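**Student:** Below is protein.cif; it holds mmCIF, C-alpha atoms and all ligand atoms.
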```cif
data_model
loop_
_atom_site.label_atom_id
_atom_site.label_comp_id
_atom_site.auth_asym_id
_atom_site.auth_seq_id
_atom_site.Cartn_x
_atom_site.Cartn_y
_atom_site.Cartn_z
CA MET A 1404 -21.14 -147.40 -32.98
CA PRO A 1405 -24.54 -149.07 -32.74
CA GLU A 1406 -27.12 -146.64 -34.12
CA LEU A 1407 -30.90 -146.62 -33.80
CA PRO A 1408 -31.51 -149.13 -36.64
CA GLU A 1409 -28.95 -151.51 -35.19
CA VAL A 1410 -30.51 -151.30 -31.74
CA GLU A 1411 -33.95 -151.88 -33.28
CA THR A 1412 -32.62 -154.91 -35.17
CA ILE A 1413 -31.11 -156.26 -31.96
CA ARG A 1414 -34.45 -155.72 -30.22
CA ARG A 1415 -36.32 -157.62 -32.93
CA GLY A 1416 -33.76 -160.43 -32.89
CA LEU A 1417 -33.67 -160.82 -29.14
CA GLU A 1418 -37.38 -160.45 -28.50
CA PRO A 1419 -38.42 -164.02 -29.43
CA LEU A 1420 -35.35 -165.46 -27.69
CA ILE A 1421 -35.62 -163.90 -24.25
CA THR A 1422 -39.26 -162.87 -23.77
CA ARG A 1423 -40.99 -165.07 -21.13
CA GLN A 1424 -37.66 -166.42 -19.91
CA PHE A 1425 -36.97 -166.47 -16.18
CA ILE A 1426 -33.70 -165.02 -14.94
CA SER A 1427 -31.81 -167.50 -12.80
CA ASP A 1428 -28.74 -165.38 -12.06
CA VAL A 1429 -26.77 -162.29 -13.06
CA GLU A 1430 -23.02 -162.00 -12.98
CA VAL A 1431 -21.47 -158.54 -13.19
CA ARG A 1432 -17.72 -158.88 -13.73
CA GLU A 1433 -17.17 -155.16 -14.40
CA ARG A 1434 -19.36 -152.42 -12.95
CA ARG A 1435 -17.37 -149.53 -14.35
CA LEU A 1436 -19.17 -148.78 -17.60
CA ARG A 1437 -20.04 -145.25 -18.73
CA TRP A 1438 -22.01 -145.06 -15.51
CA PRO A 1439 -21.65 -147.67 -12.77
CA VAL A 1440 -23.96 -150.64 -13.26
CA THR A 1441 -26.85 -150.64 -10.74
CA ARG A 1442 -25.69 -152.29 -7.52
CA ASN A 1443 -26.98 -155.73 -6.60
CA LEU A 1444 -28.30 -156.38 -10.10
CA ALA A 1445 -28.38 -160.10 -9.37
CA GLY A 1446 -30.51 -159.59 -6.27
CA LEU A 1447 -32.91 -157.34 -8.19
CA LEU A 1448 -33.28 -159.59 -11.22
CA ARG A 1449 -33.03 -163.13 -9.91
CA GLY A 1450 -36.35 -164.97 -10.34
CA GLN A 1451 -37.82 -162.22 -12.56
CA GLN A 1452 -39.48 -163.00 -15.86
CA ILE A 1453 -38.74 -161.00 -19.01
CA LEU A 1454 -42.06 -159.59 -20.21
CA GLN A 1455 -41.22 -157.34 -23.13
CA LEU A 1456 -38.43 -155.80 -25.16
CA GLY A 1457 -38.78 -152.14 -26.08
CA ARG A 1458 -36.57 -149.40 -27.42
CA ARG A 1459 -36.31 -145.66 -26.78
CA ALA A 1460 -33.75 -143.83 -28.95
CA LYS A 1461 -30.66 -146.05 -28.71
CA TYR A 1462 -31.71 -147.60 -25.40
CA LEU A 1463 -32.96 -151.15 -25.25
CA LEU A 1464 -35.67 -151.48 -22.59
CA ILE A 1465 -35.88 -154.97 -21.15
CA LYS A 1466 -39.06 -155.08 -19.08
CA THR A 1467 -39.17 -157.62 -16.28
CA SER A 1468 -41.88 -158.45 -13.75
CA ASN A 1469 -40.57 -155.85 -11.30
CA GLY A 1470 -38.86 -153.16 -13.39
CA THR A 1471 -36.93 -152.34 -16.53
CA LEU A 1472 -33.32 -152.77 -17.56
CA LEU A 1473 -32.04 -149.84 -19.62
CA VAL A 1474 -29.23 -151.04 -21.86
CA HIS A 1475 -27.08 -148.72 -23.98
CA LEU A 1476 -24.37 -150.18 -26.19
CA GLY A 1477 -22.23 -147.04 -26.21
CA MET A 1478 -19.46 -147.04 -28.83
CA SER A 1479 -18.57 -150.69 -28.95
CA GLY A 1480 -21.08 -152.72 -26.96
CA SER A 1481 -22.72 -155.95 -28.12
CA LEU A 1482 -25.32 -158.30 -26.74
CA PHE A 1483 -25.01 -161.99 -27.46
CA TYR A 1484 -27.56 -164.66 -26.84
CA LEU A 1485 -25.81 -167.91 -25.97
CA SER A 1486 -27.82 -171.10 -25.88
CA SER A 1487 -25.31 -172.46 -23.37
CA VAL A 1488 -22.86 -170.42 -21.35
CA SER A 1489 -19.27 -170.38 -22.59
CA LYS A 1490 -16.21 -169.13 -20.73
CA PRO A 1491 -16.24 -165.31 -20.69
CA THR A 1492 -13.50 -163.39 -22.49
CA THR A 1493 -11.86 -160.13 -21.40
CA HIS A 1494 -14.67 -157.72 -22.34
CA ASP A 1495 -17.64 -159.89 -21.43
CA HIS A 1496 -18.75 -157.72 -18.52
CA ILE A 1497 -22.22 -159.01 -17.68
CA ASP A 1498 -24.06 -162.32 -18.02
CA ILE A 1499 -27.82 -162.59 -17.46
CA SER A 1500 -28.51 -166.31 -17.17
CA PHE A 1501 -31.86 -167.97 -17.70
CA ARG A 1502 -33.43 -171.08 -16.32
CA GLY A 1503 -32.75 -173.74 -18.91
CA GLY A 1504 -29.10 -172.72 -19.32
CA SER A 1505 -29.08 -169.95 -21.95
CA CYS A 1506 -27.60 -166.53 -21.31
CA LEU A 1507 -27.61 -162.93 -22.49
CA ARG A 1508 -24.06 -161.61 -22.51
CA PHE A 1509 -23.01 -157.94 -22.60
CA ASN A 1510 -19.61 -157.30 -24.15
CA ASP A 1511 -18.07 -153.83 -24.40
CA PRO A 1512 -14.33 -153.28 -25.00
CA ARG A 1513 -14.45 -149.48 -24.61
CA ARG A 1514 -17.00 -149.48 -21.77
CA PHE A 1515 -19.03 -146.50 -23.02
CA GLY A 1516 -22.19 -148.56 -22.74
CA SER A 1517 -24.41 -148.66 -19.67
CA ILE A 1518 -26.87 -150.84 -17.80
CA HIS A 1519 -29.38 -149.43 -15.31
CA PHE A 1520 -32.25 -151.08 -13.52
CA THR A 1521 -35.23 -148.85 -12.80
CA THR A 1522 -38.82 -149.28 -11.69
CA GLN A 1523 -39.85 -146.05 -13.45
CA PRO A 1524 -38.26 -146.00 -16.91
CA LYS A 1525 -40.40 -143.07 -18.10
CA LEU A 1526 -38.97 -140.91 -15.34
CA HIS A 1527 -35.37 -142.06 -15.71
CA ARG A 1528 -32.96 -139.15 -16.19
CA LEU A 1529 -31.51 -140.69 -19.35
CA LEU A 1530 -34.92 -140.82 -21.04
CA THR A 1531 -36.97 -137.86 -19.80
CA LYS A 1532 -35.43 -135.22 -22.07
CA LEU A 1533 -35.58 -137.21 -25.29
CA GLY A 1534 -37.61 -135.86 -28.20
CA PRO A 1535 -40.06 -138.00 -30.19
CA GLU A 1536 -39.02 -141.25 -31.85
CA PRO A 1537 -38.23 -140.63 -35.54
CA LEU A 1538 -40.30 -143.69 -36.50
CA GLY A 1539 -43.14 -142.83 -34.12
CA LYS A 1540 -46.34 -140.95 -34.86
CA ASP A 1541 -45.38 -137.90 -32.76
CA PHE A 1542 -42.62 -137.07 -35.21
CA SER A 1543 -44.18 -135.10 -38.05
CA ALA A 1544 -43.61 -132.12 -40.34
CA GLU A 1545 -45.86 -130.03 -38.07
CA TYR A 1546 -43.75 -130.95 -35.06
CA LEU A 1547 -40.47 -130.23 -36.84
CA THR A 1548 -41.77 -126.91 -38.17
CA HIS A 1549 -42.90 -125.95 -34.68
CA VAL A 1550 -39.59 -126.74 -32.94
CA SER A 1551 -37.58 -125.06 -35.71
CA ARG A 1552 -39.41 -121.73 -35.72
CA SER A 1553 -36.92 -118.81 -35.58
CA ARG A 1554 -34.07 -121.22 -34.84
CA ARG A 1555 -30.75 -120.24 -36.42
CA VAL A 1556 -29.06 -123.54 -35.65
CA ALA A 1557 -27.91 -125.51 -38.72
CA ILE A 1558 -30.52 -128.13 -39.61
CA LYS A 1559 -27.95 -130.95 -39.36
CA ASN A 1560 -27.08 -130.00 -35.77
CA HIS A 1561 -30.76 -129.55 -35.00
CA LEU A 1562 -31.45 -133.12 -36.17
CA MET A 1563 -28.55 -134.45 -34.10
CA ASN A 1564 -30.03 -132.93 -30.92
CA GLY A 1565 -31.69 -135.76 -28.99
CA GLN A 1566 -34.18 -133.33 -27.44
CA ILE A 1567 -35.52 -132.54 -30.92
CA ILE A 1568 -35.46 -136.12 -32.26
CA ALA A 1569 -34.50 -139.18 -30.27
CA GLY A 1570 -31.41 -141.05 -31.39
CA LEU A 1571 -30.92 -140.03 -35.03
CA GLY A 1572 -27.23 -140.68 -35.76
CA ASN A 1573 -24.78 -138.78 -37.94
CA ILE A 1574 -24.98 -141.10 -40.95
CA TYR A 1575 -28.77 -141.08 -41.01
CA ALA A 1576 -29.10 -137.31 -40.53
CA THR A 1577 -26.58 -136.77 -43.36
CA GLU A 1578 -28.29 -139.19 -45.75
CA ALA A 1579 -31.79 -137.93 -44.97
CA LEU A 1580 -30.78 -134.33 -45.71
CA PHE A 1581 -29.43 -135.42 -49.10
CA ARG A 1582 -32.67 -137.20 -49.96
CA ALA A 1583 -34.68 -134.18 -48.92
CA GLY A 1584 -32.41 -131.83 -50.92
CA ILE A 1585 -31.63 -129.71 -47.86
CA HIS A 1586 -28.16 -128.23 -47.26
CA PRO A 1587 -26.87 -129.41 -43.83
CA ALA A 1588 -25.82 -125.87 -42.83
CA ARG A 1589 -29.17 -124.24 -43.64
CA PRO A 1590 -30.69 -122.56 -40.57
CA ALA A 1591 -33.52 -124.74 -39.24
CA GLY A 1592 -35.86 -121.73 -39.03
CA ARG A 1593 -35.47 -121.05 -42.75
CA ILE A 1594 -36.95 -124.30 -44.03
CA SER A 1595 -40.55 -124.40 -45.27
CA ALA A 1596 -43.19 -126.77 -43.90
CA ALA A 1597 -43.34 -128.48 -47.30
CA ARG A 1598 -39.61 -129.22 -47.19
CA PHE A 1599 -39.88 -130.47 -43.60
CA SER A 1600 -42.53 -132.85 -44.81
CA GLY A 1601 -40.03 -134.28 -47.33
CA LEU A 1602 -37.37 -134.41 -44.61
CA VAL A 1603 -39.57 -136.36 -42.21
CA GLN A 1604 -40.30 -138.87 -44.96
CA ALA A 1605 -36.58 -139.11 -45.85
CA ILE A 1606 -35.61 -139.73 -42.21
CA ARG A 1607 -38.14 -142.55 -41.95
CA GLU A 1608 -36.96 -144.06 -45.23
CA VAL A 1609 -33.26 -144.16 -44.36
CA LEU A 1610 -33.95 -145.66 -40.94
CA ASN A 1611 -36.38 -148.26 -42.24
CA GLU A 1612 -34.02 -149.28 -45.03
CA ALA A 1613 -31.21 -149.69 -42.51
CA ILE A 1614 -33.44 -151.81 -40.27
CA ARG A 1615 -34.35 -153.98 -43.24
CA SER A 1616 -30.71 -154.43 -44.28
CA GLY A 1617 -29.84 -155.25 -40.66
CA GLY A 1618 -32.56 -157.84 -40.58
CA THR A 1619 -30.87 -159.81 -43.33
CA THR A 1620 -27.76 -160.34 -41.22
CA LEU A 1621 -29.62 -161.15 -38.04
CA LYS A 1622 -28.63 -164.80 -38.21
CA ASP A 1623 -24.99 -163.92 -37.48
CA PHE A 1624 -25.99 -161.88 -34.48
CA VAL A 1625 -28.22 -164.57 -33.04
CA GLY A 1626 -25.43 -167.11 -33.44
CA GLY A 1627 -23.34 -164.92 -31.21
CA ASP A 1628 -20.40 -164.85 -33.56
CA GLY A 1629 -20.82 -161.63 -35.44
CA ARG A 1630 -22.51 -158.29 -35.65
CA PRO A 1631 -25.13 -157.03 -38.05
CA GLY A 1632 -23.61 -155.59 -41.22
CA PHE A 1633 -25.28 -152.21 -41.21
CA PHE A 1634 -22.92 -150.52 -43.58
CA GLN A 1635 -24.14 -152.74 -46.38
CA GLN A 1636 -26.76 -150.08 -46.83
CA SER A 1637 -25.90 -147.99 -49.88
CA LEU A 1638 -24.92 -144.50 -48.87
CA ASN A 1639 -25.47 -141.59 -51.24
CA VAL A 1640 -23.18 -139.00 -49.66
CA TYR A 1641 -21.82 -140.20 -46.31
CA GLY A 1642 -18.07 -140.91 -46.59
CA ARG A 1643 -18.05 -140.03 -50.31
CA SER A 1644 -16.17 -136.71 -50.20
CA GLY A 1645 -14.77 -135.90 -53.68
CA ASP A 1646 -16.76 -138.67 -55.40
CA PRO A 1647 -19.43 -137.72 -57.95
CA CYS A 1648 -23.02 -137.30 -56.76
CA PHE A 1649 -25.11 -140.22 -58.01
CA THR A 1650 -27.81 -137.77 -59.09
CA CYS A 1651 -25.91 -134.90 -60.78
CA GLY A 1652 -22.22 -135.89 -60.97
CA VAL A 1653 -20.91 -132.92 -58.98
CA PRO A 1654 -18.25 -133.91 -56.37
CA ILE A 1655 -19.63 -134.49 -52.86
CA LYS A 1656 -18.31 -132.05 -50.25
CA ARG A 1657 -17.41 -132.62 -46.63
CA ILE A 1658 -17.78 -130.04 -43.85
CA THR A 1659 -17.44 -130.29 -40.09
CA GLN A 1660 -20.41 -129.37 -37.90
CA SER A 1661 -20.14 -129.68 -34.12
CA GLN A 1662 -17.03 -131.87 -34.56
CA ARG A 1663 -18.95 -134.29 -36.79
CA SER A 1664 -18.46 -134.79 -40.51
CA SER A 1665 -21.30 -133.81 -42.81
CA TYR A 1666 -21.34 -134.69 -46.49
CA TYR A 1667 -23.53 -133.05 -49.09
CA CYS A 1668 -23.96 -132.38 -52.77
CA PRO A 1669 -23.49 -128.65 -53.45
CA ARG A 1670 -25.85 -128.82 -56.42
CA CYS A 1671 -28.66 -131.09 -55.13
CA GLN A 1672 -28.85 -129.63 -51.61
CA ARG A 1673 -29.93 -126.07 -50.92
ZN ZN A 1701 -26.00 -133.85 -56.75
#
```
Since I need it in another form, could you write the structure as structure tokens?
**Tutor:**
Amino acid sequence: MPELPEVETIRRGLEPLITRQFISDVEVRERRLRWPVTRNLAGLLRGQQILQLGRRAKYLLIKTSNGTLLVHLGMSGSLFYLSSVSKPTTHDHIDISFRGGSCLRFNDPRRFGSIHFTTQPKLHRLLTKLGPEPLGKDFSAEYLTHVSRSRRVAIKNHLMNGQIIAGLGNIYATEALFRAGIHPARPAGRISAARFSGLVQAIREVLNEAIRSGGTTLKDFVGGDGRPGFFQQSLNVYGRSGDPCFTCGVPIKRITQSQRSSYYCPRCQR
């Protein structure tokens, strides 16, 4: 599942390729994604120039002269930039073609992704309730302390709530808690401001490291024949249940929180 660092890597990779390009046509072969693709996408986008590529949580925001395309990759979506259009395969649902013959292709076997066109992205229902970006300046220890006050919710679940922080995935929440030495089941309201400060720093570190490791495999993505290898990033606890902690040697434990696996070191995390 494409997580925030993967979406950010895709944004950085696509930006120089599609910015300033003019859209010549759009072909939607399958409208039934997680939500139906905006009707008449071709009519709305034809002739428009791509001005900017942004990101909010796990949404890619493709700004054109008259609006913004909100793209979510869901569980299994990919975007491929093709320098010349090839014959689409089964799950190639949407092609955005540019003058000059290149094309941006959306592929999604499980169809949990989505594509919306909007003229007011800041007011779009999918974005209005999102909390601050974990890599943005609004996300700070003060903020986290404030929104955690008297909250009994487990810190891991708190971090996975998109209204608290935008788009932090399970792997990154799990790894950041290990780095900060915080037990995933600890009530959010019982964490000191000093420890939140360490947690904010840990969250930024794990995301930035993942973005950097994604950047190294960008070539494959741009070539349209592969996907960034995000799991090359070394994981301290995620998926390591029963293996010794790299810091203290105690076996890593796994628990389930809100139907998601959490991994932690019972000695290093309190
Ligand atoms: Zn340990």
**Student:** Expressed in Å to a single decimal, how great is the separation between atom CA of A:Ser1500 and atom CA of A:His1527?
**Tutor:**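 So the two atoms, atom CA of A:Ser1500 and atom CA of A:His1527, lie 25.2 Å apart.
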**Student:** Measure the distance from atom CA of A:Ser1665 to atom CA of A:Asn1639 in Å and round it to one decimal.
**Tutor:** 12.2 Å
**Student:** Taking every listed atom of stretch 1648-1653 of chain A and adding 3 Å to each side, what centre and edge lengths in Å (one decimal) does the axis-aligned box have, as JSON?
**Tutor:**
```
{"center_x": -24.4, "center_y": -136.6, "center_z": -58.9, "size_x": 12.9, "size_y": 13.3, "size_z": 10.2}
```
**Student:** Taking all atoms listed in the file into account, name the residue in A:Gly1570, A:Pro1491, A:Pro1669, A:Gly1477 that is nearest to A:Leu1507.
**Tutor:** A:Pro1491
**Student:** Mind pulling up the distance from atom CA of A:Pro1535 to atom CA of A:Leu1638?
**Tutor:** 24.9 Å
**Student:** Can you work out which residues are within 7 Å of ligand ZN 1701 (chain A), considering only C-alpha atoms and all ligand atoms, and then hand them over as a PyMOL selection string?
**Tutor:** chain A and resi 1648-1653+1668-1671
**Student:** Limited to C-alpha atoms, could you put the picked residues into a file as an mmCIF file, keeping the file's coordinate frame?
**Tutor:**
```
data_model
loop_
_atom_site.group_PDB
_atom_site.id
_atom_site.type_symbol
_atom_site.label_atom_id
_atom_site.label_comp_id
_atom_site.auth_asym_id
_atom_site.auth_seq_id
_atom_site.Cartn_x
_atom_site.Cartn_y
_atom_site.Cartn_z
ATOM 1 C CA CYS A 1648 -23.020 -137.300 -56.760
ATOM 2 C CA PHE A 1649 -25.110 -140.220 -58.010
ATOM 3 C CA THR A 1650 -27.810 -137.770 -59.090
ATOM 4 C CA CYS A 1651 -25.910 -134.900 -60.780
ATOM 5 C CA GLY A 1652 -22.220 -135.890 -60.970
ATOM 6 C CA VAL A 1653 -20.910 -132.920 -58.980
ATOM 7 C CA CYS A 1668 -23.960 -132.380 -52.770
ATOM 8 C CA PRO A 1669 -23.490 -128.650 -53.450
ATOM 9 C CA ARG A 1670 -25.850 -128.820 -56.420
ATOM 10 C CA CYS A 1671 -28.660 -131.090 -55.130
#
```
**Student:** Excluding A:Leu1463 and any residue of its chain fewer than 2 positions from it, enumerate the residues within 9 Å of it, using all atoms listed in the file, and give them as a VMD selection string.
**Tutor:** chain A and resid 1410 to 1411 1413 to 1414 1456 to 1461 1465 1472 to 1476
**Student:** Could you tell me which of A:Thr1471, A:Ser1481, A:Gln1451, A:Ser1644 comes closest to A:His1519 if we count only C-alpha atoms?
**Tutor:**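 Closest residue, counting only C-alpha atoms: A:Thr1471.
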**Student:** Can you work out which one of A:Gly1592, A:Pro1537, A:Gly1642, A:Pro1439 has the shortest atom-to-atom distance to A:Ala1605, counting only C-alpha atoms?
**Tutor:** A:Pro1537
**Student:** Need to verify the contact set: A:Thr1441, 12 Å, all atoms listed in the file, exclusion of same-chain residues closer than 4 positions in sequence. Can you return it as a list in words?
**Tutor:** Val1429, Val1431, Glu1433, Arg1434, Arg1435, Leu1436, Arg1437, Ala1445, Gly1446, Leu1447, Leu1448, Thr1471, Leu1472, Leu1473, Val1474, Ile1497, Ser1517, Ile1518, His1519, Phe1520 and Thr1521 of chain A
**Student:** Would you mind telling me which residue in A:Ile1499, A:Arg1615, A:Arg1423, A:Leu1482 lies nearest to A:Arg1449 when using only C-alpha atoms?
**Tutor:** A:Ile1499
**Student:** Nearest to A:Thr1548: which of A:Lys1490, A:Arg1593, A:Arg1528, A:Arg1513 is it, counting only C-alpha atoms?
**Tutor:** A:Arg1593
**Student:** Can you work out which one of A:Lys1532, A:Arg1432, A:Arg1657, A:Arg1589 has the shortest atom-to-atom distance to A:Asp1495, counting all atoms listed in the file?
**Tutor:**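 Closest residue, counting all atoms listed in the file: A:Arg1432.
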**Student:** Give me, as a compact mmCIF listing (two decimals) with C-alpha atoms, in the coordinates of the input, all polymer residues having an atom no more than 9 Å from A:Val1603, counting only C-alpha atoms and skipping those fewer than 6 positions away in the same chain.
**Tutor:**
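Generated output (around-v8.txt):
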```
# COMPACT_ATOMS: atom_id res chain seq x y z
CA PRO A 1537 -38.23 -140.63 -35.54
CA PHE A 1542 -42.62 -137.07 -35.21
CA SER A 1543 -44.18 -135.10 -38.05
CA ALA A 1544 -43.61 -132.12 -40.34
CA LEU A 1547 -40.47 -130.23 -36.84
CA ALA A 1579 -31.79 -137.93 -44.97
CA ALA A 1583 -34.68 -134.18 -48.92
```
